[in-house]
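Worksheet: the structure to be examined is printed underneath.
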Amino acid sequence: MAEMQEIKRSYWIDTTDITSALEGYYIRKKIDLLRFRVSVGLPQTYAVFKEDMGLQWNYGYQRAMKMIEDYKHGKLSGAI
């Protein structure tokens, strides 16, 4: 945790590939312009929901850990 406090808060965690990395493992949204509605497709079961959330959390965790490692080794190029 101390390492995180030392990192400048102006770095992005790269999630540009999230739609392909988590394809099928997130809530689906559908916009119906004719009816002015937004539909949300929830997982069919709680077990599927838990799996989806676990994959999403792990994705975010791995991305954050990569950013920290890149910071330690001076490889960050995503500064704002």
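Residue numbering restarts at 1 in every chain; chains get A, B, ... in the order shown in the structure tokens, and ligands count up from 1 in that same order.
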
Next item on the list: Identify, on the basis of only C-alpha atoms, every residue whose closest approach to range 14-18 of chain A does not exceed 12 Å; exclude the query and any residue fewer than 2 positions from it along the same chain; express the result as a PyMOL selection string.
Entry: chain A and resi 11-12+20-26+55-68+70+76-79

Write out, as a short mmCIF file (atom, residue, chain, number, x, y, z; two decimals), in the first residue's frame, the residues just selected, with C-alpha atoms.
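Saved as again-v5.cif:
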data_model
loop_
_atom_site.label_atom_id
_atom_site.label_comp_id
_atom_site.auth_asym_id
_atom_site.auth_seq_id
_atom_site.Cartn_x
_atom_site.Cartn_y
_atom_site.Cartn_z
CA TYR A 11 -1.17 7.80 -14.57
CA TRP A 12 -3.80 5.87 -16.46
CA SER A 20 -12.11 -8.05 -26.12
CA ALA A 21 -10.51 -9.32 -22.89
CA LEU A 22 -13.87 -9.58 -21.09
CA GLU A 23 -16.12 -10.23 -24.07
CA GLY A 24 -19.25 -11.93 -22.80
CA TYR A 25 -18.37 -11.41 -19.13
CA TYR A 26 -20.05 -8.10 -18.39
CA LEU A 55 -13.10 -12.03 -14.05
CA GLN A 56 -13.72 -8.28 -14.08
CA TRP A 57 -12.02 -7.81 -10.72
CA ASN A 58 -9.04 -9.94 -11.76
CA TYR A 59 -8.71 -7.98 -15.01
CA GLY A 60 -8.61 -4.69 -13.11
CA TYR A 61 -6.23 -6.08 -10.50
CA GLN A 62 -3.80 -7.39 -13.14
CA ARG A 63 -3.88 -4.07 -15.01
CA ALA A 64 -3.20 -2.12 -11.82
CA MET A 65 -0.32 -4.45 -10.88
CA LYS A 66 1.18 -4.01 -14.35
CA MET A 67 1.00 -0.24 -13.98
CA ILE A 68 2.78 -0.45 -10.61
CA ASP A 70 5.93 -0.41 -15.05
CA LEU A 76 5.30 4.32 -17.78
CA SER A 77 4.36 6.42 -20.74
CA GLY A 78 0.76 7.13 -19.81
CA ALA A 79 1.24 10.26 -17.76
#

Next item on the list: Based on DSSP run over this structure's backbone, return all residues of range 3-69 of chain A in helix (DSSP H, G or I), as JSON, numbers by chain.
Entry: {"A": [3, 4, 5, 6, 18, 19, 20, 21, 46, 47, 48, 49, 50, 51, 52, 53, 54, 55, 56, 57, 58, 59, 60, 61, 62, 63, 64, 65, 66, 67, 68, 69]}

Notebook entry, point to check: If we count only C-alpha atoms, what is near range 38-45 of chain A at a cut-off of 6 Å, once residues fewer than 2 positions away on the same chain are taken out, given as a list of chain:residue names?
Noted result: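 The contact residues come out as A:Ile27, A:Arg28, A:Lys29, A:Lys30, A:Ile31, A:Ala47, A:Val48, A:Phe49.
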
Margin query: For a test of reading the model, state the distance in Å between CA of Lys50 in chain A and CA of Thr19 in chain A, rounded to one decimal.
Written below: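 Going from CA of Lys50 in chain A over to CA of Thr19 in chain A covers 18.5 Å.
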